[in-house]
Amino acid sequence: QVQLVESGGGLVQAGGSLTLACTVSGYTFSRFAMGWFRQAPGKEREFVVRISRSGGSRYYADSVKGRFTISRDNAKKTAYLQMNSLKPEDTAVYYCAARPTILTDSTSYTSLSDYAHWGHGTQVTVAS
């Protein structure tokens with residue numbers, strides 16, 4: 001059974017930074033493209049960023065481009081989301097998601113339905 005566990009959320013002041021981690025078990029991590037989504041109160045879950053299996057391809061939502069960085073460590077079976085210059089509008093529950101894919105796949109995968117496995121989320125709150 002595939003399990004995704006997020007960590008690293010918390011409360012931060014506007015302009016600050018946080019790093020989220022998503023650790024995967026139950027499957028070969030390196031076979032997954034990994035994504036991060038977020039859901040603010042009263043809003044739909046939205047795409048944030050995706051990283052390919054190899055880490056060579058990244059695709060960001062315009063709202064976080066230049067501020068957030070996704071990375072992965074296949075040996076540690078973990079994906080990371082480095083968030084800088086945080087804004088109050090970044091406040092949300094952040095979810096990681098995994099999609100089995102081929103090694104050369106560089107598709108953006110921005111839809112919830114693109115991902116087969118999800119974590120339970122971690123809260124990020126940015127105070128103004």
# chains A, B, ... in the order shown; residues from 1 in each chain; ligands from 1
>>> select_by_dssp(residues="chain A", states="helix (DSSP H, G or I)", output="list of chain:residue names")
A:Phe29, A:Ser30, A:Arg31, A:Pro88, A:Glu89, A:Asp90, A:Leu112, A:Ser113, A:Asp114
>>> write_last_selection(atoms="N, CA and C atoms", output="CSV table (one decimal), in the first residue's frame")
chain,number,residue,atom,x,y,z
A,29,PHE,N,9.8,4.8,-5.0
A,29,PHE,CA,9.6,6.3,-5.1
A,29,PHE,C,10.1,6.8,-6.4
A,30,SER,N,11.2,6.3,-7.0
A,30,SER,CA,11.7,6.9,-8.2
A,30,SER,C,10.9,6.7,-9.4
A,31,ARG,N,9.8,5.9,-9.3
A,31,ARG,CA,8.9,5.6,-10.4
A,31,ARG,C,7.7,6.6,-10.4
A,88,PRO,N,0.4,35.9,2.9
A,88,PRO,CA,-0.8,35.4,3.6
A,88,PRO,C,-1.7,34.6,2.7
A,89,GLU,N,-1.7,34.9,1.4
A,89,GLU,CA,-2.5,34.1,0.5
A,89,GLU,C,-2.0,32.7,0.2
A,90,ASP,N,-0.8,32.4,0.7
A,90,ASP,CA,-0.2,31.1,0.6
A,90,ASP,C,-0.8,30.2,1.7
A,112,LEU,N,-6.0,17.3,-10.3
A,112,LEU,CA,-6.1,16.3,-9.2
A,112,LEU,C,-6.2,14.9,-9.7
A,113,SER,N,-6.9,14.7,-10.8
A,113,SER,CA,-7.2,13.4,-11.4
A,113,SER,C,-5.9,12.8,-12.0
A,114,ASP,N,-4.9,13.6,-12.2
A,114,ASP,CA,-3.6,13.0,-12.7
A,114,ASP,C,-2.9,12.2,-11.7
>>> select_by_dssp(residues="chain A", states="strand (DSSP E)", output="PDB file with N, CA and C atoms, in the first residue's frame")
ATOM      1  N   GLN A   3       1.880   4.930   0.742  1.00  0.00           N
ATOM      2  CA  GLN A   3       1.568   5.947   1.743  1.00  0.00           C
ATOM      3  C   GLN A   3       2.443   7.168   1.514  1.00  0.00           C
ATOM      4  N   LEU A   4       1.830   8.333   1.617  1.00  0.00           N
ATOM      5  CA  LEU A   4       2.526   9.600   1.510  1.00  0.00           C
ATOM      6  C   LEU A   4       2.304  10.351   2.808  1.00  0.00           C
ATOM      7  N   VAL A   5       3.368  10.836   3.403  1.00  0.00           N
ATOM      8  CA  VAL A   5       3.271  11.555   4.665  1.00  0.00           C
ATOM      9  C   VAL A   5       3.987  12.895   4.526  1.00  0.00           C
ATOM     10  N   GLU A   6       3.209  13.971   4.688  1.00  0.00           N
ATOM     11  CA  GLU A   6       3.779  15.318   4.627  1.00  0.00           C
ATOM     12  C   GLU A   6       4.215  15.763   6.026  1.00  0.00           C
ATOM     13  N   SER A   7       5.204  16.639   6.035  1.00  0.00           N
ATOM     14  CA  SER A   7       5.662  17.239   7.283  1.00  0.00           C
ATOM     15  C   SER A   7       6.255  18.605   6.984  1.00  0.00           C
ATOM     16  N   GLY A  10       3.494  24.745   9.361  1.00  0.00           N
ATOM     17  CA  GLY A  10       3.516  25.519  10.587  1.00  0.00           C
ATOM     18  C   GLY A  10       3.079  26.944  10.352  1.00  0.00           C
ATOM     19  N   LEU A  11       3.349  27.770  11.350  1.00  0.00           N
ATOM     20  CA  LEU A  11       3.001  29.194  11.313  1.00  0.00           C
ATOM     21  C   LEU A  11       4.266  29.997  11.022  1.00  0.00           C
ATOM     22  N   VAL A  12       4.162  30.918  10.080  1.00  0.00           N
ATOM     23  CA  VAL A  12       5.315  31.737   9.705  1.00  0.00           C
ATOM     24  C   VAL A  12       4.829  33.142   9.395  1.00  0.00           C
ATOM     25  N   GLN A  13       5.685  34.120   9.614  1.00  0.00           N
ATOM     26  CA  GLN A  13       5.354  35.496   9.275  1.00  0.00           C
ATOM     27  C   GLN A  13       5.491  35.720   7.773  1.00  0.00           C
ATOM     28  N   LEU A  18       9.464  28.301   4.671  1.00  0.00           N
ATOM     29  CA  LEU A  18       9.203  26.979   5.223  1.00  0.00           C
ATOM     30  C   LEU A  18       9.612  25.946   4.188  1.00  0.00           C
ATOM     31  N   THR A  19       9.991  24.775   4.666  1.00  0.00           N
ATOM     32  CA  THR A  19      10.250  23.659   3.773  1.00  0.00           C
ATOM     33  C   THR A  19       9.367  22.489   4.165  1.00  0.00           C
ATOM     34  N   LEU A  20       8.583  22.037   3.229  1.00  0.00           N
ATOM     35  CA  LEU A  20       7.737  20.867   3.427  1.00  0.00           C
ATOM     36  C   LEU A  20       8.444  19.632   2.883  1.00  0.00           C
ATOM     37  N   ALA A  21       8.151  18.507   3.487  1.00  0.00           N
ATOM     38  CA  ALA A  21       8.690  17.235   3.016  1.00  0.00           C
ATOM     39  C   ALA A  21       7.547  16.246   2.828  1.00  0.00           C
ATOM     40  N   CYS A  22       7.706  15.357   1.872  1.00  0.00           N
ATOM     41  CA  CYS A  22       6.728  14.299   1.615  1.00  0.00           C
ATOM     42  C   CYS A  22       7.491  13.000   1.441  1.00  0.00           C
ATOM     43  N   THR A  23       7.307  12.093   2.373  1.00  0.00           N
ATOM     44  CA  THR A  23       7.995  10.810   2.338  1.00  0.00           C
ATOM     45  C   THR A  23       7.033   9.734   1.874  1.00  0.00           C
ATOM     46  N   VAL A  24       7.502   8.918   0.954  1.00  0.00           N
ATOM     47  CA  VAL A  24       6.660   7.895   0.332  1.00  0.00           C
ATOM     48  C   VAL A  24       7.130   6.509   0.742  1.00  0.00           C
ATOM     49  N   SER A  25       6.195   5.647   1.021  1.00  0.00           N
ATOM     50  CA  SER A  25       6.503   4.254   1.317  1.00  0.00           C
ATOM     51  C   SER A  25       5.542   3.350   0.555  1.00  0.00           C
ATOM     52  N   PHE A  32       7.713   7.534  -9.421  1.00  0.00           N
ATOM     53  CA  PHE A  32       6.629   8.506  -9.324  1.00  0.00           C
ATOM     54  C   PHE A  32       7.062   9.884  -9.812  1.00  0.00           C
ATOM     55  N   ALA A  33       6.191  10.542 -10.583  1.00  0.00           N
ATOM     56  CA  ALA A  33       6.235  11.992 -10.645  1.00  0.00           C
ATOM     57  C   ALA A  33       5.533  12.476  -9.378  1.00  0.00           C
ATOM     58  N   MET A  34       6.026  13.548  -8.796  1.00  0.00           N
ATOM     59  CA  MET A  34       5.478  14.053  -7.538  1.00  0.00           C
ATOM     60  C   MET A  34       4.919  15.453  -7.724  1.00  0.00           C
ATOM     61  N   GLY A  35       3.816  15.709  -7.072  1.00  0.00           N
ATOM     62  CA  GLY A  35       3.201  17.026  -7.143  1.00  0.00           C
ATOM     63  C   GLY A  35       2.845  17.546  -5.766  1.00  0.00           C
ATOM     64  N   TRP A  36       2.733  18.855  -5.685  1.00  0.00           N
ATOM     65  CA  TRP A  36       2.205  19.515  -4.483  1.00  0.00           C
ATOM     66  C   TRP A  36       0.966  20.314  -4.892  1.00  0.00           C
ATOM     67  N   PHE A  37      -0.055  20.197  -4.077  1.00  0.00           N
ATOM     68  CA  PHE A  37      -1.281  20.958  -4.241  1.00  0.00           C
ATOM     69  C   PHE A  37      -1.572  21.659  -2.919  1.00  0.00           C
ATOM     70  N   ARG A  38      -2.497  22.600  -2.946  1.00  0.00           N
ATOM     71  CA  ARG A  38      -2.895  23.248  -1.704  1.00  0.00           C
ATOM     72  C   ARG A  38      -4.379  23.589  -1.753  1.00  0.00           C
ATOM     73  N   GLN A  39      -4.943  23.689  -0.556  1.00  0.00           N
ATOM     74  CA  GLN A  39      -6.363  24.012  -0.447  1.00  0.00           C
ATOM     75  C   GLN A  39      -6.555  25.011   0.677  1.00  0.00           C
ATOM     76  N   GLU A  46      -5.847  23.310  -5.354  1.00  0.00           N
ATOM     77  CA  GLU A  46      -5.218  23.806  -6.561  1.00  0.00           C
ATOM     78  C   GLU A  46      -3.791  23.304  -6.703  1.00  0.00           C
ATOM     79  N   PHE A  47      -3.371  23.211  -7.941  1.00  0.00           N
ATOM     80  CA  PHE A  47      -2.023  22.774  -8.266  1.00  0.00           C
ATOM     81  C   PHE A  47      -1.001  23.817  -7.858  1.00  0.00           C
ATOM     82  N   VAL A  48       0.127  23.348  -7.338  1.00  0.00           N
ATOM     83  CA  VAL A  48       1.226  24.241  -6.969  1.00  0.00           C
ATOM     84  C   VAL A  48       2.453  23.974  -7.847  1.00  0.00           C
ATOM     85  N   VAL A  49       2.879  22.708  -7.863  1.00  0.00           N
ATOM     86  CA  VAL A  49       4.114  22.382  -8.588  1.00  0.00           C
ATOM     87  C   VAL A  49       4.203  20.888  -8.804  1.00  0.00           C
ATOM     88  N   ARG A  50       4.939  20.492  -9.841  1.00  0.00           N
ATOM     89  CA  ARG A  50       5.190  19.075 -10.145  1.00  0.00           C
ATOM     90  C   ARG A  50       6.656  18.893 -10.480  1.00  0.00           C
ATOM     91  N   ILE A  51       7.185  17.726 -10.110  1.00  0.00           N
ATOM     92  CA  ILE A  51       8.550  17.371 -10.481  1.00  0.00           C
ATOM     93  C   ILE A  51       8.532  15.991 -11.119  1.00  0.00           C
ATOM     94  N   ARG A  58      10.517  20.443 -13.964  1.00  0.00           N
ATOM     95  CA  ARG A  58       9.643  21.015 -12.932  1.00  0.00           C
ATOM     96  C   ARG A  58       8.629  21.935 -13.594  1.00  0.00           C
ATOM     97  N   TYR A  59       7.450  21.943 -13.033  1.00  0.00           N
ATOM     98  CA  TYR A  59       6.405  22.813 -13.591  1.00  0.00           C
ATOM     99  C   TYR A  59       5.698  23.494 -12.436  1.00  0.00           C
ATOM    100  N   TYR A  60       5.666  24.833 -12.459  1.00  0.00           N
ATOM    101  CA  TYR A  60       5.135  25.617 -11.348  1.00  0.00           C
ATOM    102  C   TYR A  60       3.867  26.372 -11.743  1.00  0.00           C
ATOM    103  N   PHE A  68       8.758  29.429  -4.828  1.00  0.00           N
ATOM    104  CA  PHE A  68       8.761  28.042  -4.358  1.00  0.00           C
ATOM    105  C   PHE A  68       9.701  27.211  -5.231  1.00  0.00           C
ATOM    106  N   THR A  69      10.304  26.212  -4.614  1.00  0.00           N
ATOM    107  CA  THR A  69      11.186  25.290  -5.344  1.00  0.00           C
ATOM    108  C   THR A  69      10.886  23.870  -4.913  1.00  0.00           C
ATOM    109  N   ILE A  70      10.630  23.026  -5.889  1.00  0.00           N
ATOM    110  CA  ILE A  70      10.416  21.609  -5.598  1.00  0.00           C
ATOM    111  C   ILE A  70      11.699  20.846  -5.882  1.00  0.00           C
ATOM    112  N   SER A  71      11.955  19.842  -5.080  1.00  0.00           N
ATOM    113  CA  SER A  71      13.104  18.975  -5.307  1.00  0.00           C
ATOM    114  C   SER A  71      12.758  17.579  -4.803  1.00  0.00           C
ATOM    115  N   ARG A  72      13.640  16.644  -5.080  1.00  0.00           N
ATOM    116  CA  ARG A  72      13.410  15.280  -4.617  1.00  0.00           C
ATOM    117  C   ARG A  72      14.733  14.588  -4.349  1.00  0.00           C
ATOM    118  N   ASP A  73      14.679  13.664  -3.420  1.00  0.00           N
ATOM    119  CA  ASP A  73      15.822  12.820  -3.101  1.00  0.00           C
ATOM    120  C   ASP A  73      15.333  11.387  -3.221  1.00  0.00           C
ATOM    121  N   THR A  78      11.849  10.940  -0.737  1.00  0.00           N
ATOM    122  CA  THR A  78      11.233  12.161  -0.222  1.00  0.00           C
ATOM    123  C   THR A  78      11.257  13.270  -1.274  1.00  0.00           C
ATOM    124  N   ALA A  79      10.127  13.970  -1.358  1.00  0.00           N
ATOM    125  CA  ALA A  79      10.028  15.183  -2.157  1.00  0.00           C
ATOM    126  C   ALA A  79       9.944  16.371  -1.212  1.00  0.00           C
ATOM    127  N   TYR A  80      10.498  17.498  -1.655  1.00  0.00           N
ATOM    128  CA  TYR A  80      10.545  18.692  -0.814  1.00  0.00           C
ATOM    129  C   TYR A  80       9.898  19.872  -1.539  1.00  0.00           C
ATOM    130  N   LEU A  81       9.353  20.769  -0.733  1.00  0.00           N
ATOM    131  CA  LEU A  81       8.845  22.023  -1.274  1.00  0.00           C
ATOM    132  C   LEU A  81       9.418  23.154  -0.435  1.00  0.00           C
ATOM    133  N   GLN A  82      10.392  23.852  -0.999  1.00  0.00           N
ATOM    134  CA  GLN A  82      10.984  25.002  -0.338  1.00  0.00           C
ATOM    135  C   GLN A  82      10.145  26.224  -0.692  1.00  0.00           C
ATOM    136  N   MET A  83       9.615  26.888   0.333  1.00  0.00           N
ATOM    137  CA  MET A  83       8.731  28.027   0.118  1.00  0.00           C
ATOM    138  C   MET A  83       9.364  29.273   0.721  1.00  0.00           C
ATOM    139  N   ALA A  92      -2.785  27.647   3.548  1.00  0.00           N
ATOM    140  CA  ALA A  92      -3.573  26.527   3.020  1.00  0.00           C
ATOM    141  C   ALA A  92      -3.089  25.236   3.656  1.00  0.00           C
ATOM    142  N   VAL A  93      -3.848  24.185   3.425  1.00  0.00           N
ATOM    143  CA  VAL A  93      -3.349  22.841   3.683  1.00  0.00           C
ATOM    144  C   VAL A  93      -2.629  22.388   2.417  1.00  0.00           C
ATOM    145  N   TYR A  94      -1.396  21.942   2.583  1.00  0.00           N
ATOM    146  CA  TYR A  94      -0.581  21.520   1.447  1.00  0.00           C
ATOM    147  C   TYR A  94      -0.549  19.990   1.382  1.00  0.00           C
ATOM    148  N   TYR A  95      -0.825  19.488   0.204  1.00  0.00           N
ATOM    149  CA  TYR A  95      -0.884  18.041  -0.020  1.00  0.00           C
ATOM    150  C   TYR A  95       0.180  17.635  -1.038  1.00  0.00           C
ATOM    151  N   CYS A  96       0.824  16.515  -0.786  1.00  0.00           N
ATOM    152  CA  CYS A  96       1.664  15.960  -1.836  1.00  0.00           C
ATOM    153  C   CYS A  96       0.907  14.830  -2.518  1.00  0.00           C
ATOM    154  N   ALA A  97       1.280  14.572  -3.754  1.00  0.00           N
ATOM    155  CA  ALA A  97       0.603  13.574  -4.567  1.00  0.00           C
ATOM    156  C   ALA A  97       1.625  12.870  -5.444  1.00  0.00           C
ATOM    157  N   ALA A  98       1.307  11.629  -5.794  1.00  0.00           N
ATOM    158  CA  ALA A  98       2.239  10.810  -6.573  1.00  0.00           C
ATOM    159  C   ALA A  98       1.535  10.180  -7.755  1.00  0.00           C
ATOM    160  N   ARG A  99       2.265  10.148  -8.871  1.00  0.00           N
ATOM    161  CA  ARG A  99       1.729   9.544 -10.086  1.00  0.00           C
ATOM    162  C   ARG A  99       2.795   8.624 -10.684  1.00  0.00           C
ATOM    163  N   PRO A 100       2.480   7.332 -10.835  1.00  0.00           N
ATOM    164  CA  PRO A 100       3.432   6.459 -11.526  1.00  0.00           C
ATOM    165  C   PRO A 100       3.540   6.898 -12.978  1.00  0.00           C
ATOM    166  N   HIS A 117      -2.116   8.833  -5.857  1.00  0.00           N
ATOM    167  CA  HIS A 117      -1.887   8.693  -4.416  1.00  0.00           C
ATOM    168  C   HIS A 117      -1.717  10.056  -3.776  1.00  0.00           C
ATOM    169  N   TRP A 118      -2.274  10.183  -2.575  1.00  0.00           N
ATOM    170  CA  TRP A 118      -2.278  11.467  -1.885  1.00  0.00           C
ATOM    171  C   TRP A 118      -1.892  11.308  -0.424  1.00  0.00           C
ATOM    172  N   THR A 122      -0.570  18.985   5.239  1.00  0.00           N
ATOM    173  CA  THR A 122       0.062  19.687   6.349  1.00  0.00           C
ATOM    174  C   THR A 122      -0.322  21.162   6.252  1.00  0.00           C
ATOM    175  N   GLN A 123      -0.666  21.747   7.393  1.00  0.00           N
ATOM    176  CA  GLN A 123      -1.162  23.123   7.412  1.00  0.00           C
ATOM    177  C   GLN A 123      -0.010  24.114   7.351  1.00  0.00           C
ATOM    178  N   VAL A 124      -0.151  25.077   6.470  1.00  0.00           N
ATOM    179  CA  VAL A 124       0.776  26.206   6.405  1.00  0.00           C
ATOM    180  C   VAL A 124      -0.038  27.472   6.633  1.00  0.00           C
ATOM    181  N   THR A 125       0.356  28.242   7.627  1.00  0.00           N
ATOM    182  CA  THR A 125      -0.328  29.490   7.937  1.00  0.00           C
ATOM    183  C   THR A 125       0.679  30.629   7.874  1.00  0.00           C
ATOM    184  N   VAL A 126       0.368  31.631   7.073  1.00  0.00           N
ATOM    185  CA  VAL A 126       1.252  32.781   6.923  1.00  0.00           C
ATOM    186  C   VAL A 126       0.561  33.994   7.523  1.00  0.00           C
ATOM    187  N   ALA A 127       1.152  34.514   8.578  1.00  0.00           N
ATOM    188  CA  ALA A 127       0.577  35.659   9.281  1.00  0.00           C
ATOM    189  C   ALA A 127       1.069  36.965   8.657  1.00  0.00           C
TER     190      ALA A 127
END
>>> closest_residue(among="A:Gln1, A:Gly15, A:Pro41, A:Lys76", to="Thr91 in chain A", atoms="only C-alpha atoms")
A:Pro41
>>> closest_residue(among="A:Arg53, A:Lys77, A:Lys65, A:Arg45", to="Thr101 in chain A", atoms="only C-alpha atoms")
A:Arg53
